[in-house]
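Chemist: There's a structure below that I have some questions on.
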Amino acid sequence: EVQLVESGGGLVQPGGSLRLSCAASGFTFSNYYMNWVRQAPGKGLEWVSVIDSGAGTTNYADSVKGRFTISRDNAKNTLYLQMNSLKPEDTALYYCARGGGMNYWGNGTVVTVSS
């Protein structure tokens with residue numbers, strides 16, 4: 001059974017940092033691109049970032065470029081999102097999603113950026 005479990009969310013002040021993790025199981029993690037997607041309160045889904053299976057290529061939404069870094073550890077079956085210089089508009093439920101088709105999602109972890 002494919003499982004994706006996000007963690008690392010919380011309350012942080014503007015300008016602060018958080019690192020999200022996504023623990024994957026039930027499939028060969030190293031074979032898949034992985035994504036981070038977020039949903040702000042009252043808004044639709046926003047794709048945040050993607051990383052290829054070998055961690056050689058990454059891409060970011062313009063809204064987070066230069067502030068967020070996606071990475072992965074295939075030996076640990078874990079995806080990460082390092083978030084720096086956080087802004088109130090980064091407040092959202094953050095999901096990891098498997099593959100280019102994003103056919104499996106975790107339950108998300110909440111990030112709140114507020115003073």
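How things are named: the first chain in the structure tokens is A, the next is B, and so on; residues count from 1 in each chain; ligands count from 1 in the order shown.
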With only C-alpha atoms as the counted atoms, please give the residues lying no more than 12 Å from A:Ser71, apart from itself and same-chain residues fewer than 3 positions off, as a PyMOL selection string.
Modeler: chain A and resi 19-22+33-36+49-60+68+74+76-83
Chemist: I'd like the contact shell of A:Val2 - 10 Å cut-off, only C-alpha atoms, skipping same-chain residues fewer than 4 positions apart - returned as a VMD selection string.
Modeler: chain A and resid 24 to 29 98 104 to 106
Chemist: If you keep all heavy atoms, can you produce a file of those selected residues as a compact mmCIF listing (two decimals), in the first residue's frame?
Modeler:
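What ended up in selection.txt:
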```
# COMPACT_ATOMS: atom_id res chain seq x y z
N ALA A 24 7.92 8.13 2.69
CA ALA A 24 7.24 7.32 1.68
C ALA A 24 7.42 5.83 1.97
O ALA A 24 8.49 5.39 2.42
CB ALA A 24 7.77 7.64 0.30
N SER A 25 6.39 5.05 1.67
CA SER A 25 6.48 3.60 1.82
C SER A 25 5.49 2.95 0.86
O SER A 25 4.58 3.60 0.35
CB SER A 25 6.18 3.17 3.26
OG SER A 25 4.89 3.56 3.64
N GLY A 26 5.71 1.65 0.62
CA GLY A 26 4.80 0.89 -0.22
C GLY A 26 5.09 0.95 -1.71
O GLY A 26 4.32 0.41 -2.51
N PHE A 27 6.19 1.60 -2.09
CA PHE A 27 6.58 1.65 -3.50
C PHE A 27 8.07 1.96 -3.57
O PHE A 27 8.69 2.32 -2.55
CB PHE A 27 5.76 2.70 -4.26
CG PHE A 27 5.98 4.13 -3.83
CD1 PHE A 27 6.81 4.98 -4.54
CD2 PHE A 27 5.34 4.63 -2.70
CE1 PHE A 27 7.00 6.30 -4.14
CE2 PHE A 27 5.52 5.93 -2.29
CZ PHE A 27 6.36 6.78 -3.01
N THR A 28 8.63 1.83 -4.74
CA THR A 28 10.06 2.10 -4.93
C THR A 28 10.25 3.60 -5.11
O THR A 28 10.11 4.14 -6.21
CB THR A 28 10.61 1.33 -6.14
OG1 THR A 28 10.34 -0.07 -5.96
CG2 THR A 28 12.12 1.53 -6.24
N PHE A 29 10.55 4.24 -3.99
CA PHE A 29 10.60 5.70 -3.93
C PHE A 29 11.56 6.26 -4.98
O PHE A 29 11.25 7.27 -5.64
CB PHE A 29 11.04 6.10 -2.52
CG PHE A 29 11.17 7.56 -2.28
CD1 PHE A 29 10.04 8.38 -2.20
CD2 PHE A 29 12.42 8.15 -2.09
CE1 PHE A 29 10.16 9.74 -1.96
CE2 PHE A 29 12.55 9.50 -1.84
CZ PHE A 29 11.41 10.30 -1.78
N ARG A 98 3.05 11.91 -5.27
CA ARG A 98 3.95 11.06 -6.02
C ARG A 98 3.81 11.22 -7.52
O ARG A 98 2.69 11.22 -8.05
CB ARG A 98 3.67 9.59 -5.66
CG ARG A 98 4.69 8.63 -6.24
CD ARG A 98 4.29 7.18 -6.01
NE ARG A 98 3.33 6.73 -7.01
CZ ARG A 98 3.02 5.45 -7.19
NH1 ARG A 98 3.57 4.54 -6.40
NH2 ARG A 98 2.16 5.10 -8.12
N TYR A 104 -0.84 9.82 -5.95
CA TYR A 104 -0.96 9.53 -4.53
C TYR A 104 -0.52 10.75 -3.74
O TYR A 104 0.48 11.39 -4.08
CB TYR A 104 -0.09 8.33 -4.12
CG TYR A 104 -0.65 7.01 -4.55
CD1 TYR A 104 -0.24 6.44 -5.75
CD2 TYR A 104 -1.57 6.33 -3.77
CE1 TYR A 104 -0.76 5.21 -6.16
CE2 TYR A 104 -2.09 5.10 -4.17
CZ TYR A 104 -1.68 4.56 -5.37
OH TYR A 104 -2.19 3.35 -5.77
N TRP A 105 -1.28 11.04 -2.68
CA TRP A 105 -1.03 12.20 -1.83
C TRP A 105 -1.02 11.78 -0.37
O TRP A 105 -1.71 10.84 0.02
CB TRP A 105 -2.16 13.22 -2.00
CG TRP A 105 -2.29 13.81 -3.35
CD1 TRP A 105 -2.52 13.15 -4.53
CD2 TRP A 105 -2.22 15.20 -3.69
NE1 TRP A 105 -2.60 14.04 -5.57
CE2 TRP A 105 -2.43 15.30 -5.09
CE3 TRP A 105 -2.03 16.36 -2.94
CZ2 TRP A 105 -2.41 16.53 -5.76
CZ3 TRP A 105 -2.04 17.58 -3.61
CH2 TRP A 105 -2.22 17.66 -4.99
N GLY A 106 -0.26 12.51 0.43
CA GLY A 106 -0.35 12.34 1.86
C GLY A 106 -1.52 13.13 2.42
O GLY A 106 -2.30 13.74 1.66
```
Chemist: Find the spatial neighbours of stretch 108-113 of chain A, counting only C-alpha atoms, within a cut-off of 10 Å - ignore same-chain residues fewer than 3 positions away - and output them as a PyMOL selection string.
Modeler: chain A and resi 4-18+20-22+36-40+86-97+105
Chemist: Filtering to N, CA and C atoms, could you give me those residues as an mmCIF file, in the first residue's frame?
Modeler:
```cif
data_model
loop_
_atom_site.group_PDB
_atom_site.id
_atom_site.type_symbol
_atom_site.label_atom_id
_atom_site.label_comp_id
_atom_site.auth_asym_id
_atom_site.auth_seq_id
_atom_site.Cartn_x
_atom_site.Cartn_y
_atom_site.Cartn_z
ATOM 1 N N LEU A 4 2.198 8.074 2.056
ATOM 2 C CA LEU A 4 2.999 9.292 2.133
ATOM 3 C C LEU A 4 2.583 10.018 3.403
ATOM 4 N N VAL A 5 3.539 10.277 4.274
ATOM 5 C CA VAL A 5 3.234 10.897 5.563
ATOM 6 C C VAL A 5 4.097 12.137 5.731
ATOM 7 N N GLU A 6 3.441 13.294 5.722
ATOM 8 C CA GLU A 6 4.144 14.564 5.882
ATOM 9 C C GLU A 6 4.304 14.906 7.366
ATOM 10 N N SER A 7 5.356 15.633 7.673
ATOM 11 C CA SER A 7 5.587 16.106 9.033
ATOM 12 C C SER A 7 6.446 17.365 8.969
ATOM 13 N N GLY A 8 6.561 18.035 10.110
ATOM 14 C CA GLY A 8 7.439 19.195 10.200
ATOM 15 C C GLY A 8 6.751 20.539 10.164
ATOM 16 N N GLY A 9 5.445 20.540 9.965
ATOM 17 C CA GLY A 9 4.731 21.804 9.954
ATOM 18 C C GLY A 9 4.644 22.407 11.355
ATOM 19 N N GLY A 10 4.136 23.625 11.406
ATOM 20 C CA GLY A 10 3.981 24.295 12.691
ATOM 21 C C GLY A 10 3.773 25.777 12.519
ATOM 22 N N LEU A 11 3.869 26.481 13.635
ATOM 23 C CA LEU A 11 3.713 27.932 13.657
ATOM 24 C C LEU A 11 5.096 28.578 13.658
ATOM 25 N N VAL A 12 5.307 29.510 12.746
ATOM 26 C CA VAL A 12 6.601 30.190 12.644
ATOM 27 C C VAL A 12 6.357 31.663 12.356
ATOM 28 N N GLN A 13 7.247 32.508 12.827
ATOM 29 C CA GLN A 13 7.121 33.938 12.579
ATOM 30 C C GLN A 13 7.581 34.277 11.163
ATOM 31 N N PRO A 14 7.064 35.354 10.608
ATOM 32 C CA PRO A 14 7.561 35.796 9.296
ATOM 33 C C PRO A 14 9.077 35.946 9.309
ATOM 34 N N GLY A 15 9.681 35.472 8.239
ATOM 35 C CA GLY A 15 11.130 35.474 8.139
ATOM 36 C C GLY A 15 11.796 34.218 8.670
ATOM 37 N N GLY A 16 11.021 33.373 9.312
ATOM 38 C CA GLY A 16 11.565 32.155 9.882
ATOM 39 C C GLY A 16 11.688 31.029 8.875
ATOM 40 N N SER A 17 12.084 29.872 9.383
ATOM 41 C CA SER A 17 12.326 28.696 8.540
ATOM 42 C C SER A 17 11.645 27.464 9.126
ATOM 43 N N LEU A 18 11.327 26.546 8.248
ATOM 44 C CA LEU A 18 10.830 25.219 8.618
ATOM 45 C C LEU A 18 11.342 24.228 7.592
ATOM 46 N N LEU A 20 10.024 20.652 6.064
ATOM 47 C CA LEU A 20 9.007 19.612 5.986
ATOM 48 C C LEU A 20 9.642 18.310 5.507
ATOM 49 N N SER A 21 9.080 17.204 5.973
ATOM 50 C CA SER A 21 9.500 15.877 5.525
ATOM 51 C C SER A 21 8.291 15.110 5.024
ATOM 52 N N CYS A 22 8.546 14.196 4.137
ATOM 53 C CA CYS A 22 7.503 13.304 3.620
ATOM 54 C C CYS A 22 8.100 11.905 3.587
ATOM 55 N N TRP A 36 5.768 18.770 -4.065
ATOM 56 C CA TRP A 36 5.098 19.429 -2.944
ATOM 57 C C TRP A 36 4.001 20.322 -3.534
ATOM 58 N N VAL A 37 2.841 20.248 -2.905
ATOM 59 C CA VAL A 37 1.681 21.041 -3.307
ATOM 60 C C VAL A 37 1.088 21.637 -2.039
ATOM 61 N N ARG A 38 0.536 22.824 -2.114
ATOM 62 C CA ARG A 38 -0.045 23.438 -0.918
ATOM 63 C C ARG A 38 -1.440 23.986 -1.195
ATOM 64 N N GLN A 39 -2.178 24.144 -0.118
ATOM 65 C CA GLN A 39 -3.506 24.743 -0.213
ATOM 66 C C GLN A 39 -3.670 25.734 0.928
ATOM 67 N N ALA A 40 -3.748 26.994 0.579
ATOM 68 C CA ALA A 40 -3.961 28.040 1.568
ATOM 69 C C ALA A 40 -5.423 28.045 1.996
ATOM 70 N N LEU A 86 10.108 32.748 5.359
ATOM 71 C CA LEU A 86 8.678 32.481 5.241
ATOM 72 C C LEU A 86 7.857 33.750 5.371
ATOM 73 N N LYS A 87 6.769 33.775 4.619
ATOM 74 C CA LYS A 87 5.857 34.918 4.577
ATOM 75 C C LYS A 87 4.466 34.477 5.025
ATOM 76 N N PRO A 88 3.647 35.389 5.494
ATOM 77 C CA PRO A 88 2.282 34.996 5.876
ATOM 78 C C PRO A 88 1.531 34.304 4.744
ATOM 79 N N GLU A 89 1.802 34.682 3.527
ATOM 80 C CA GLU A 89 1.120 34.051 2.391
ATOM 81 C C GLU A 89 1.582 32.628 2.116
ATOM 82 N N ASP A 90 2.593 32.152 2.845
ATOM 83 C CA ASP A 90 2.997 30.748 2.750
ATOM 84 C C ASP A 90 2.157 29.864 3.673
ATOM 85 N N THR A 91 1.299 30.459 4.484
ATOM 86 C CA THR A 91 0.422 29.690 5.349
ATOM 87 C C THR A 91 -0.470 28.784 4.511
ATOM 88 N N ALA A 92 -0.410 27.485 4.807
ATOM 89 C CA ALA A 92 -1.149 26.520 3.995
ATOM 90 C C ALA A 92 -1.016 25.127 4.576
ATOM 91 N N LEU A 93 -1.804 24.233 4.029
ATOM 92 C CA LEU A 93 -1.638 22.804 4.246
ATOM 93 C C LEU A 93 -0.730 22.306 3.129
ATOM 94 N N TYR A 94 0.382 21.701 3.501
ATOM 95 C CA TYR A 94 1.379 21.261 2.531
ATOM 96 C C TYR A 94 1.301 19.750 2.365
ATOM 97 N N TYR A 95 1.208 19.337 1.107
ATOM 98 C CA TYR A 95 1.110 17.927 0.759
ATOM 99 C C TYR A 95 2.333 17.512 -0.056
ATOM 100 N N CYS A 96 2.740 16.252 0.095
ATOM 101 C CA CYS A 96 3.631 15.664 -0.894
ATOM 102 C C CYS A 96 2.781 14.762 -1.794
ATOM 103 N N ALA A 97 3.179 14.662 -3.038
ATOM 104 C CA ALA A 97 2.428 13.901 -4.025
ATOM 105 C C ALA A 97 3.394 13.160 -4.934
ATOM 106 N N TRP A 105 -1.280 11.040 -2.677
ATOM 107 C CA TRP A 105 -1.034 12.203 -1.828
ATOM 108 C C TRP A 105 -1.015 11.777 -0.372
#
```
Chemist: For a test of reading the model, state the distance in Å between atom CA of A:Met102 and atom CA of A:Ile70, rounded to one decimal.
Modeler: 16.1 Å
Chemist: Take atom CA of A:Tyr32 and atom CA of A:Asp73 and report the distance between them in Å, one decimal.
Modeler: 12.3 Å
Chemist: Suppose you want the space between atom CA of A:Gly99 and atom CA of A:Ser30; what is it in Å?
Modeler: 10.7 Å
Chemist: Give me every helix (DSSP H, G or I) residue in chain A, going by DSSP on the backbone, as number ranges by chain.
Modeler: A: 29-31, 88-90
